[in-house]
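Undergrad: Take a look at upload_16.txt, compact mmCIF, C-alpha atoms:
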```
# COMPACT_ATOMS: atom_id res chain seq x y z
CA MET H 1 24.52 2.54 -16.85
CA ARG H 2 23.06 2.75 -13.37
CA ARG H 3 19.63 2.90 -14.91
CA ALA H 4 20.33 -0.19 -16.99
CA ILE H 5 21.39 -2.15 -13.92
CA PHE H 6 18.27 -1.09 -12.08
CA SER H 7 16.05 -2.13 -15.00
CA ALA H 8 17.67 -5.53 -15.08
CA ALA H 9 17.01 -5.94 -11.37
CA VAL H 10 13.39 -4.99 -11.80
CA LEU H 11 12.97 -7.41 -14.68
CA ALA H 12 14.46 -10.19 -12.62
CA ALA H 13 12.16 -9.27 -9.76
CA ALA H 14 9.19 -9.29 -12.08
CA ALA H 15 10.08 -12.78 -13.18
CA THR H 16 10.06 -14.03 -9.61
CA ALA H 17 7.42 -11.78 -8.11
CA GLY H 18 4.62 -14.27 -8.55
CA ALA H 19 6.49 -16.46 -6.15
CA ALA H 20 6.20 -14.00 -3.30
CA SER H 21 3.26 -14.68 -1.08
CA ALA H 22 1.91 -16.09 2.14
CA HIS H 23 3.93 -15.79 5.30
CA HIS H 24 7.22 -15.38 3.53
CA SER H 25 8.67 -14.43 0.19
CA PHE H 26 9.38 -17.26 -2.25
CA ALA H 27 12.21 -15.42 -3.96
CA MET H 28 14.71 -18.03 -2.74
CA PHE H 29 13.23 -20.41 -5.30
CA ASP H 30 13.96 -20.12 -9.01
CA ARG H 31 10.48 -20.10 -10.50
CA SER H 32 11.86 -20.04 -14.01
CA LYS H 33 13.26 -23.55 -13.57
CA GLU H 34 11.62 -26.89 -12.94
CA VAL H 35 13.44 -29.93 -11.62
CA VAL H 36 11.93 -33.42 -11.69
CA LEU H 37 12.81 -35.66 -8.76
CA THR H 38 12.06 -39.39 -8.65
CA GLY H 39 12.21 -40.92 -5.22
CA VAL H 40 10.43 -42.24 -2.17
CA VAL H 41 8.49 -40.16 0.34
CA LYS H 42 10.28 -40.22 3.69
CA GLU H 43 7.84 -37.89 5.45
CA PHE H 44 4.90 -35.63 4.62
CA GLN H 45 4.74 -32.78 7.14
CA TRP H 46 1.11 -31.59 7.06
CA THR H 47 1.86 -28.53 9.15
CA ASN H 48 1.55 -24.77 9.33
CA PRO H 49 2.71 -22.41 8.07
CA HIS H 50 3.66 -24.73 5.19
CA SER H 51 3.53 -28.40 4.35
CA TRP H 52 6.80 -30.12 3.46
CA VAL H 53 7.66 -33.29 1.59
CA GLN H 54 10.89 -35.03 2.56
CA LEU H 55 11.89 -37.09 -0.44
CA THR H 56 14.69 -39.66 -0.58
CA VAL H 57 16.22 -39.57 -4.06
CA PRO H 58 18.55 -42.47 -4.97
CA GLN H 59 21.88 -41.53 -6.52
CA PRO H 60 24.16 -43.50 -8.81
CA GLY H 61 26.43 -45.65 -6.70
CA GLY H 62 23.83 -46.60 -4.11
CA THR H 63 23.78 -43.40 -2.09
CA SER H 64 20.80 -41.09 -1.75
CA VAL H 65 20.01 -37.43 -1.18
CA GLU H 66 17.14 -36.14 0.93
CA TRP H 67 15.25 -33.26 -0.68
CA SER H 68 13.07 -30.81 1.26
CA VAL H 69 10.12 -29.60 -0.79
CA GLU H 70 7.92 -26.80 0.50
CA SER H 71 4.21 -26.65 -0.30
CA GLY H 72 1.13 -24.76 0.87
CA SER H 73 -0.55 -24.51 4.26
CA PRO H 74 -2.91 -27.35 5.18
CA SER H 75 -5.84 -24.94 4.76
CA SER H 76 -4.90 -23.92 1.21
CA LEU H 77 -4.04 -27.49 0.20
CA ALA H 78 -7.24 -28.89 1.74
CA ARG H 79 -9.26 -26.44 -0.35
CA GLN H 80 -7.58 -27.94 -3.40
CA GLY H 81 -8.44 -31.50 -2.49
CA TRP H 82 -5.38 -32.49 -0.48
CA LYS H 83 -5.47 -34.49 2.76
CA ARG H 84 -2.81 -35.14 5.36
CA THR H 85 -2.69 -38.69 3.96
CA SER H 86 -2.29 -37.61 0.32
CA LEU H 87 1.37 -38.55 0.56
CA LYS H 88 2.51 -41.43 2.74
CA PRO H 89 5.97 -42.57 3.77
CA GLY H 90 7.13 -45.17 1.29
CA ASP H 91 5.16 -43.78 -1.67
CA ALA H 92 7.20 -43.90 -4.85
CA VAL H 93 6.57 -40.58 -6.57
CA THR H 94 7.88 -38.11 -9.10
CA LEU H 95 7.93 -34.54 -7.80
CA THR H 96 8.25 -31.46 -9.97
CA ILE H 97 9.72 -28.51 -8.09
CA ASN H 98 11.13 -25.02 -8.53
CA PRO H 99 14.63 -25.47 -7.11
CA LEU H 100 16.39 -23.35 -4.52
CA ARG H 101 18.64 -20.80 -6.19
CA SER H 102 21.38 -21.78 -3.73
CA GLY H 103 21.71 -25.20 -5.35
CA GLN H 104 20.93 -26.97 -2.08
CA PRO H 105 18.56 -29.97 -2.22
CA GLY H 106 15.32 -28.08 -1.69
CA GLY H 107 12.54 -26.50 -3.67
CA ASN H 108 9.01 -25.25 -4.00
CA PHE H 109 6.38 -27.88 -4.79
CA VAL H 110 4.78 -27.74 -8.25
CA SER H 111 3.14 -31.16 -8.70
CA VAL H 112 3.38 -34.83 -7.78
CA LYS H 113 2.90 -37.85 -10.03
CA PHE H 114 2.11 -41.15 -8.34
CA ALA H 115 3.15 -44.60 -9.55
CA ASP H 116 -0.39 -45.22 -10.83
CA GLY H 117 -0.21 -42.09 -12.98
CA ARG H 118 -2.36 -39.80 -10.83
CA VAL H 119 -1.15 -36.20 -10.71
CA LEU H 120 -1.81 -33.79 -7.86
CA GLY H 121 -0.79 -30.16 -8.17
CA ARG H 122 -1.64 -27.00 -6.39
CA ASN H 123 -2.56 -23.51 -7.43
CA SER H 124 0.28 -21.11 -7.70
CA GLY H 125 0.19 -17.34 -7.54
CA SER H 126 -2.77 -15.54 -6.11
CA ALA H 127 -5.70 -17.90 -6.19
CA PRO H 128 -8.75 -15.66 -6.45
CA GLU H 129 -10.59 -17.83 -3.94
CA GLY H 130 -8.05 -16.69 -1.39
CA ALA H 131 -6.65 -20.15 -1.05
CA GLY H 132 -3.23 -18.65 -0.49
CA ARG H 133 -0.18 -20.82 -0.68
CA MET Y 1 -55.08 23.79 44.54
CA GLU Y 2 -54.82 25.07 41.03
CA LYS Y 3 -51.10 25.17 41.47
CA SER Y 4 -50.87 21.51 42.50
CA VAL Y 5 -53.02 20.41 39.54
CA MET Y 6 -50.66 22.34 37.38
CA LYS Y 7 -47.71 20.55 38.96
CA ALA Y 8 -49.35 17.18 38.53
CA THR Y 9 -50.09 17.95 34.91
CA THR Y 10 -46.50 19.03 34.33
CA ALA Y 11 -45.26 15.89 35.97
CA GLY Y 12 -47.65 13.86 33.84
CA LEU Y 13 -46.51 15.60 30.71
CA SER Y 14 -42.88 15.04 31.63
CA ALA Y 15 -43.54 11.35 32.22
CA LEU Y 16 -45.38 11.18 28.91
CA ALA Y 17 -42.55 12.98 27.17
CA MET Y 18 -40.07 10.53 28.66
CA LEU Y 19 -42.18 7.62 27.54
CA LEU Y 20 -42.41 9.07 24.07
CA LEU Y 21 -38.66 9.69 24.00
CA ALA Y 22 -37.97 6.15 25.16
CA ALA Y 23 -40.31 4.78 22.53
CA GLY Y 24 -38.66 6.96 19.92
CA GLY Y 25 -35.24 5.78 21.03
CA ALA Y 26 -36.31 2.17 20.84
CA ALA Y 27 -37.79 2.77 17.42
CA ALA Y 28 -34.55 4.39 16.29
CA ALA Y 29 -32.53 1.46 17.65
CA GLU Y 30 -34.83 -0.96 15.88
CA THR Y 31 -34.45 0.94 12.61
CA SER Y 32 -30.69 0.86 13.05
CA ALA Y 33 -30.75 -2.89 13.72
CA LYS Y 34 -32.86 -3.36 10.62
CA THR Y 35 -30.64 -1.28 8.38
CA THR Y 36 -27.28 -2.46 9.72
CA PRO Y 37 -26.20 -5.11 7.26
CA ASN Y 38 -25.19 -8.55 8.47
CA TRP Y 39 -21.72 -9.47 7.30
CA THR Y 40 -21.18 -12.32 9.76
CA GLY Y 41 -19.59 -15.12 7.79
CA ILE Y 42 -16.49 -16.12 5.84
CA TRP Y 43 -15.01 -14.00 3.07
CA THR Y 44 -12.11 -14.31 0.65
CA ARG Y 45 -10.36 -11.59 -1.26
CA VAL Y 46 -10.82 -11.02 -4.99
CA GLY Y 47 -7.69 -10.10 -6.96
CA SER Y 48 -4.00 -10.14 -6.20
CA LEU Y 49 -2.19 -10.00 -2.87
CA ASN Y 50 -1.05 -6.47 -3.55
CA PHE Y 51 -2.37 -3.57 -1.44
CA ASP Y 52 -4.27 -2.58 -4.57
CA PRO Y 53 -5.69 -5.97 -5.60
CA THR Y 54 -6.31 -4.77 -9.16
CA ILE Y 55 -2.51 -4.72 -9.69
CA PRO Y 56 -1.55 -8.22 -10.93
CA GLY Y 57 0.52 -10.40 -8.60
CA ALA Y 58 3.51 -10.28 -10.92
CA LYS Y 59 3.68 -6.51 -10.39
CA TRP Y 60 3.66 -4.54 -7.18
CA ASP Y 61 2.27 -1.44 -5.52
CA THR Y 62 4.11 1.82 -6.07
CA PRO Y 63 3.58 3.67 -2.79
CA PRO Y 64 4.15 7.44 -2.96
CA TYR Y 65 7.38 7.20 -0.99
CA ASN Y 66 9.68 9.99 0.03
CA ALA Y 67 13.28 9.64 -1.18
CA GLU Y 68 14.45 7.71 1.89
CA TYR Y 69 11.74 5.06 1.73
CA GLN Y 70 11.89 4.79 -2.05
CA LYS Y 71 15.55 3.84 -1.70
CA ARG Y 72 14.66 1.27 0.95
CA PHE Y 73 12.01 -0.26 -1.30
CA ASP Y 74 14.37 -0.29 -4.32
CA ASP Y 75 16.97 -2.11 -2.20
CA ILE Y 76 14.34 -4.63 -1.05
CA LEU Y 77 13.24 -5.33 -4.63
CA ALA Y 78 16.85 -5.61 -5.83
CA SER Y 79 17.65 -8.10 -3.07
CA GLU Y 80 14.53 -10.12 -3.83
CA ALA Y 81 15.53 -10.20 -7.50
CA LYS Y 82 18.79 -11.86 -6.42
CA GLY Y 83 16.82 -14.51 -4.54
CA LEU Y 84 17.57 -12.93 -1.17
CA PRO Y 85 14.22 -11.76 0.27
CA ILE Y 86 14.55 -9.15 3.03
CA ASN Y 87 12.10 -7.05 5.09
CA ASP Y 88 9.95 -10.12 5.53
CA ARG Y 89 9.15 -10.11 9.27
CA SER Y 90 6.13 -12.37 8.95
CA ALA Y 91 8.53 -15.12 7.77
CA ASN Y 92 9.39 -15.33 11.48
CA CYS Y 93 5.69 -15.68 12.24
CA GLU Y 94 5.61 -12.11 13.52
CA PRO Y 95 2.21 -10.52 12.77
CA PRO Y 96 2.48 -8.28 9.72
CA GLY Y 97 0.15 -5.53 11.00
CA ILE Y 98 -3.29 -4.66 9.69
CA VAL Y 99 -2.23 -3.08 6.41
CA ARG Y 100 -0.87 -6.32 5.00
CA MET Y 101 -3.32 -8.42 7.01
CA MET Y 102 -6.20 -6.79 5.14
CA ASN Y 103 -4.66 -7.93 1.83
CA MET Y 104 -6.11 -11.22 3.14
CA VAL Y 105 -3.84 -13.97 1.84
CA TYR Y 106 -6.21 -16.51 3.37
CA PRO Y 107 -9.93 -16.17 4.22
CA MET Y 108 -11.33 -13.98 6.99
CA GLU Y 109 -14.34 -14.43 9.22
CA ILE Y 110 -16.46 -11.45 10.27
CA LEU Y 111 -18.49 -11.62 13.46
CA GLN Y 112 -21.01 -8.89 14.31
CA THR Y 113 -22.03 -8.68 17.94
CA PRO Y 114 -23.57 -5.77 19.88
CA GLY Y 115 -21.01 -2.99 20.09
CA GLN Y 116 -18.30 -4.82 18.17
CA VAL Y 117 -17.34 -6.06 14.74
CA THR Y 118 -14.61 -8.71 14.86
CA ILE Y 119 -12.41 -9.70 11.95
CA ILE Y 120 -10.59 -13.01 12.28
CA ALA Y 121 -7.97 -13.68 9.62
CA GLU Y 122 -7.13 -17.32 9.06
CA TRP Y 123 -3.55 -16.25 8.38
CA MET Y 124 -1.80 -16.47 11.76
CA GLY Y 125 -5.17 -16.42 13.52
CA GLN Y 126 -5.03 -12.65 13.73
CA ILE Y 127 -7.96 -10.87 15.37
CA ARG Y 128 -9.15 -7.30 14.91
CA ARG Y 129 -11.72 -5.92 17.32
CA ILE Y 130 -13.54 -2.91 15.94
CA PHE Y 131 -15.49 -1.23 18.74
CA THR Y 132 -18.81 0.18 17.56
CA ASP Y 133 -20.14 1.07 21.02
CA GLY Y 134 -19.20 4.71 20.76
CA ARG Y 135 -16.02 4.62 22.82
CA PRO Y 136 -13.18 6.91 21.74
CA HIS Y 137 -9.56 5.92 21.11
CA PRO Y 138 -7.45 5.87 24.27
CA ASP Y 139 -5.41 9.04 24.78
CA ASP Y 140 -2.07 7.25 24.53
CA PRO Y 141 -2.62 3.73 23.19
CA ASP Y 142 0.09 1.11 23.52
CA PRO Y 143 1.38 0.32 20.03
CA THR Y 144 0.11 -3.08 18.86
CA TYR Y 145 0.17 -4.96 15.56
CA ASN Y 146 -3.53 -4.46 14.89
CA GLY Y 147 -3.90 -1.19 16.78
CA HIS Y 148 -7.03 0.27 18.38
CA SER Y 149 -10.02 0.36 16.03
CA ILE Y 150 -13.27 2.24 16.53
CA GLY Y 151 -16.13 2.17 14.07
CA HIS Y 152 -19.56 3.62 13.48
CA TRP Y 153 -22.31 3.00 10.98
CA GLU Y 154 -23.25 5.66 8.46
CA GLY Y 155 -26.36 4.13 6.96
CA ASP Y 156 -25.22 0.77 5.64
CA LYS Y 157 -21.52 1.71 5.63
CA LEU Y 158 -19.11 0.90 8.44
CA ILE Y 159 -16.51 3.61 9.00
CA VAL Y 160 -13.41 2.49 10.92
CA ASP Y 161 -10.47 4.42 12.30
CA THR Y 162 -7.36 2.67 13.60
CA VAL Y 163 -4.51 4.17 15.64
CA GLY Y 164 -1.92 2.77 18.04
CA LEU Y 165 -0.12 0.70 15.40
CA ILE Y 166 3.41 -0.63 15.79
CA GLY Y 167 5.67 1.10 13.27
CA GLY Y 168 7.39 -0.62 10.39
CA GLY Y 169 5.99 -3.68 8.75
CA ILE Y 170 5.02 -3.99 5.15
CA ILE Y 171 2.29 -2.95 2.78
CA ASP Y 172 2.29 -5.97 0.49
CA ASP Y 173 4.03 -9.27 -0.08
CA HIS Y 174 6.82 -7.62 -2.07
CA GLY Y 175 8.12 -6.10 1.14
CA ALA Y 176 7.06 -2.48 0.51
CA PRO Y 177 7.92 -0.85 3.84
CA LEU Y 178 5.67 1.26 6.05
CA GLY Y 179 6.96 4.13 8.16
CA GLU Y 180 7.04 4.36 11.94
CA LYS Y 181 3.83 6.41 12.04
CA ILE Y 182 0.74 4.65 10.70
CA HIS Y 183 -2.92 5.66 10.68
CA VAL Y 184 -5.51 3.55 8.88
CA MET Y 185 -8.98 4.66 7.79
CA GLU Y 186 -11.47 2.19 6.36
CA LYS Y 187 -14.92 2.25 4.84
CA TYR Y 188 -16.78 -1.05 4.42
CA TRP Y 189 -19.97 -1.53 2.43
CA ALA Y 190 -21.76 -4.36 0.67
CA GLU Y 191 -22.24 -4.07 -3.05
CA ASP Y 192 -24.62 -6.98 -2.71
CA PRO Y 193 -25.17 -9.34 0.25
CA ASP Y 194 -22.34 -11.59 -0.91
CA LYS Y 195 -19.85 -8.96 -2.07
CA LEU Y 196 -18.12 -6.74 0.47
CA LYS Y 197 -16.08 -3.71 -0.52
CA LEU Y 198 -13.36 -2.03 1.54
CA GLU Y 199 -11.86 1.34 0.77
CA ILE Y 200 -8.68 1.50 2.83
CA THR Y 201 -6.54 4.59 3.26
CA VAL Y 202 -3.13 4.45 4.91
CA GLU Y 203 -1.28 7.48 6.21
CA SER Y 204 2.38 7.07 7.08
CA PRO Y 205 3.76 10.60 6.97
CA ASP Y 206 7.38 9.69 7.68
CA ALA Y 207 7.42 7.36 4.64
CA LEU Y 208 4.64 8.45 2.28
CA THR Y 209 4.28 11.88 0.74
CA ARG Y 210 0.51 11.44 0.60
CA PRO Y 211 -2.01 8.84 1.82
CA MET Y 212 -2.39 5.59 -0.13
CA THR Y 213 -5.88 4.37 -0.95
CA ALA Y 214 -7.16 1.17 -2.54
CA VAL Y 215 -10.51 -0.54 -2.87
CA LYS Y 216 -10.63 -4.22 -2.02
CA THR Y 217 -13.38 -6.71 -2.79
CA PHE Y 218 -14.31 -9.76 -0.73
CA LYS Y 219 -16.62 -12.58 -1.77
CA ARG Y 220 -18.84 -14.40 0.72
CA ARG Y 221 -17.92 -18.09 1.00
CA LYS Y 222 -20.43 -20.55 2.37
CA ASP Y 223 -18.44 -23.49 1.01
CA ILE Y 224 -15.36 -23.23 3.23
CA GLN Y 225 -14.48 -22.99 6.88
CA ILE Y 226 -11.62 -21.30 8.66
CA MET Y 227 -8.83 -23.71 9.55
CA GLU Y 228 -6.09 -23.42 12.14
CA TYR Y 229 -2.92 -21.56 11.12
CA ALA Y 230 -0.50 -21.86 14.00
CA CYS Y 231 2.56 -20.31 12.39
CA GLN Y 232 5.02 -21.52 15.02
CA GLN Y 233 4.13 -25.17 14.48
CA ASN Y 234 6.77 -25.95 11.86
CA ASN Y 235 8.25 -22.76 10.46
CA ARG Y 236 11.16 -23.76 8.24
CA ASN Y 237 11.57 -20.28 6.71
CA PRO Y 238 13.03 -18.13 9.47
CA VAL Y 239 14.78 -14.83 8.89
CA GLY Y 240 18.52 -15.23 9.32
CA ALA Y 241 20.91 -12.92 11.14
CA ASP Y 242 21.59 -11.27 7.78
CA GLY Y 243 17.92 -10.33 7.48
CA VAL Y 244 17.34 -12.78 4.63
CA THR Y 245 14.49 -15.30 4.73
CA GLY Y 246 15.98 -18.77 4.67
CA VAL Y 247 15.02 -22.41 4.24
CA ILE Y 248 15.73 -25.10 6.85
CA LEU Y 249 16.68 -28.32 5.10
CA GLN Y 250 16.45 -31.67 6.82
```
Would you write the structure of this file as structure tokens?
TA:
Amino acid sequence: MRRAIFSAAVLAAAATAGAASAHHSFAMFDRSKEVVLTGVVKEFQWTNPHSWVQLTVPQPGGTSVEWSVESGSPSSLARQGWKRTSLKPGDAVTLTINPLRSGQPGGNFVSVKFADGRVLGRNSGSAPEGAGR
Amino acid sequence: MEKSVMKATTAGLSALAMLLLAAGGAAAAETSAKTTPNWTGIWTRVGSLNFDPTIPGAKWDTPPYNAEYQKRFDDILASEAKGLPINDRSANCEPPGIVRMMNMVYPMEILQTPGQVTIIAEWMGQIRRIFTDGRPHPDDPDPTYNGHSIGHWEGDKLIVDTVGLIGGGIIDDHGAPLGEKIHVMEKYWAEDPDKLKLEITVESPDALTRPMTAVKTFKRRKDIQIMEYACQQNNRNPVGADGVTGVILQ
């Protein structure tokens, strides 16, 4: 029984292990799930150790929820073609994220789709070029 | 008279011998400079972020732990599986120590100067100074994250020994813990001018039942430059009072 529990834990860890990297573990995000958010960029924090997108997502009834979406370091993103101006306040975008397991409005960045159809993603896992996350 | 000629001749011979020795020394130094490879430049790792980069990122290293540390690592993995990462001190922007640093999440820059090889990791701007001027380790070094490193060349291989390391820390990005005693031995060589190999051996006798060794590969990169990584700028993933790495929402 104890062995079975341990195996289950290891399997669960294996499923999320690819998320662990860079200056902290990414185990707080559920990498088996993707959530699609449609909203407006409030702020793009092009900062170390990680970039963040603050996204205002309208809710039914006229309210809105602000989501915090974590992405890579400026160095790793720059090596994948990103710039600090890649996202601007006011941009209407669709973000795909791996959500926080806690259910709070936050997640790990997967890709962004702009209104004109352009898509910008980023490498995940261990980029062999050492791009990191 | 004969005696003084003799003396003069001896003196002359000594002077000649010294000249010859000096010339020989210079020739030896020149040979060494010619054969010492030049690794100055930017390098990125090949493979996963594990201590042994040939183990895929979705798996992890299996250090030869004693029972106490195996339990610690099992607990760390179990907590991570529940989405509660622990033993993650670099989440607070604390340097991870050279064992994990040399897994090289981000690129590194090597600088070779007389008497010193310097490794600058982009990640957290960490710097290792490897003294190659023949100095020994201090008798009682202060423990530091990157320790005290001395190196010497054996042909075209750089042999490095590091002591004076702060205990604890982690081996890889899955939180595999190190013991309080850590000794690191490294051997660097170039398989070709653009491919650097590192055989790294870690001793941690209070945690590991035998030394751990892995061979890492780094690729020379002329197409990128090192960028700033000031970890304290906007760290929204601090470790909470419960030891779990969190997320600051805004």
Undergrad: Around (8.6, -29.3, 2.3) in the file's own coordinates, what residues are found within 12 Å if you use all atoms listed in the file, given back as a tab-separated table (two decimals) with C-alpha atoms, in the coordinates of the input?
TA:
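And here is the file that came out, part_25.tsv:
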```tsv
chain	number	residue	atom	x	y	z
H	41	VAL	CA	8.49	-40.16	0.34
H	42	LYS	CA	10.28	-40.22	3.69
H	43	GLU	CA	7.84	-37.89	5.45
H	44	PHE	CA	4.90	-35.63	4.62
H	45	GLN	CA	4.74	-32.78	7.14
H	46	TRP	CA	1.11	-31.59	7.06
H	47	THR	CA	1.86	-28.53	9.15
H	48	ASN	CA	1.55	-24.77	9.33
H	49	PRO	CA	2.71	-22.41	8.07
H	50	HIS	CA	3.66	-24.73	5.19
H	51	SER	CA	3.53	-28.40	4.35
H	52	TRP	CA	6.80	-30.12	3.46
H	53	VAL	CA	7.66	-33.29	1.59
H	54	GLN	CA	10.89	-35.03	2.56
H	55	LEU	CA	11.89	-37.09	-0.44
H	66	GLU	CA	17.14	-36.14	0.93
H	67	TRP	CA	15.25	-33.26	-0.68
H	68	SER	CA	13.07	-30.81	1.26
H	69	VAL	CA	10.12	-29.60	-0.79
H	70	GLU	CA	7.92	-26.80	0.50
H	71	SER	CA	4.21	-26.65	-0.30
H	72	GLY	CA	1.13	-24.76	0.87
H	73	SER	CA	-0.55	-24.51	4.26
H	87	LEU	CA	1.37	-38.55	0.56
H	95	LEU	CA	7.93	-34.54	-7.80
H	97	ILE	CA	9.72	-28.51	-8.09
H	98	ASN	CA	11.13	-25.02	-8.53
H	99	PRO	CA	14.63	-25.47	-7.11
H	100	LEU	CA	16.39	-23.35	-4.52
H	105	PRO	CA	18.56	-29.97	-2.22
H	106	GLY	CA	15.32	-28.08	-1.69
H	107	GLY	CA	12.54	-26.50	-3.67
H	108	ASN	CA	9.01	-25.25	-4.00
H	109	PHE	CA	6.38	-27.88	-4.79
H	110	VAL	CA	4.78	-27.74	-8.25
Y	234	ASN	CA	6.77	-25.95	11.86
Y	235	ASN	CA	8.25	-22.76	10.46
Y	236	ARG	CA	11.16	-23.76	8.24
Y	237	ASN	CA	11.57	-20.28	6.71
Y	247	VAL	CA	15.02	-22.41	4.24
Y	248	ILE	CA	15.73	-25.10	6.85
Y	249	LEU	CA	16.68	-28.32	5.10
Y	250	GLN	CA	16.45	-31.67	6.82
```
Undergrad: Between atom CA of Y:Asp172 and atom CA of Y:Val117, what is the distance, to one decimal in Å?
TA: 24.3 Å
Undergrad: With all atoms listed in the file counted and 7 Å as the cut-off, give the residues of chain Y in contact with chain H, each with its shortest interatomic distance in Å and the pair that gives it, as a tab-separated table.
TA:
```
residue	atom	partner	partner_atom	distance
Y:Thr44	CA	H:Gly130	CA	5.1
Y:Arg45	CA	H:Gly130	CA	5.6
Y:Val46	CA	H:Pro128	CA	5.3
Y:Gly47	CA	H:Pro128	CA	5.7
Y:Ser48	CA	H:Ser126	CA	5.5
Y:Leu49	CA	H:Ser126	CA	6.4
Y:Gly57	CA	H:Gly18	CA	5.6
Y:Ala58	CA	H:Gly18	CA	4.8
Y:Lys59	CA	H:Ala14	CA	6.4
Y:Leu77	CA	H:Ala13	CA	6.6
Y:Ala78	CA	H:Ala9	CA	5.6
Y:Glu80	CA	H:Ala27	CA	5.8
Y:Ala81	CA	H:Ala13	CA	4.2
Y:Gly83	CA	H:Met28	CA	4.5
Y:Leu84	CA	H:Met28	CA	6.1
Y:Pro85	CA	H:Ala27	CA	5.9
Y:Asp88	CA	H:His24	CA	6.3
Y:Ser90	CA	H:His23	CA	5.5
Y:Ala91	CA	H:His24	CA	4.4
Y:Val105	CA	H:Gly132	CA	5.3
Y:Tyr106	CA	H:Gly130	CA	5.1
Y:Pro107	CA	H:Gly130	CA	5.9
Y:Asp173	CA	H:Ser21	CA	5.6
Y:His174	CA	H:Ala20	CA	6.5
Y:Met227	CA	H:Ser75	CA	5.8
Y:Tyr229	CA	H:Asn48	CA	5.8
Y:Ala230	CA	H:Asn48	CA	5.9
Y:Cys231	CA	H:Pro49	CA	4.8
Y:Gln233	CA	H:Asn48	CA	5.8
Y:Asn234	CA	H:Asn48	CA	5.9
Y:Asn235	CA	H:Pro49	CA	6.0
Y:Leu249	CA	H:Ser68	CA	5.8
Y:Gln250	CA	H:Ser68	CA	6.6
```
Undergrad: Need the shell around H:Val112: protein/DNA/RNA residues with any atom at most 7 Å away, counting only C-alpha atoms. Skip same-chain ones fewer than 4 positions apart. Format as a ChimeraX atom specification?
TA: /H:93-96,119-121
Undergrad: Grab the atom CA of H:Gly39 to atom CA of H:Phe114 distance for me, in Å with one decimal place.
TA: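 Separation between atom CA of H:Gly39 and atom CA of H:Phe114: 10.6 Å.
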Undergrad: Record the distance separating atom CA of Y:Gly41 and atom CA of Y:Ile224, expressed in Å with one decimal.
TA: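 These atoms are spaced 10.2 Å apart.
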Undergrad: Measuring atom to atom with all atoms listed in the file, identify which of Y:Gly175, Y:Arg129, Y:Gly168, Y:Asn146 is nearest to Y:Val244.
TA: Y:Gly175
Undergrad: Could you list, as a list of chain:residue names, every residue within 10 Å of Y:Gly155, counting only C-alpha atoms and ignoring same-chain residues fewer than 5 positions away?
TA: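 These residues fall inside the cut-off: Y:Ser32, Y:Thr35, Y:Thr36, Y:Pro37, Y:Trp189.
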Undergrad: Could you work out an axis-aligned box for stretch 131-138 of chain Y, taking every atom the file lists and adding 5 Å on each side, and report centre and edge lengths in Å to one decimal, as JSON?
TA:
```
{"center_x": -13.8, "center_y": 2.8, "center_z": 20.9, "size_x": 22.7, "size_y": 18.1, "size_z": 16.7}
```
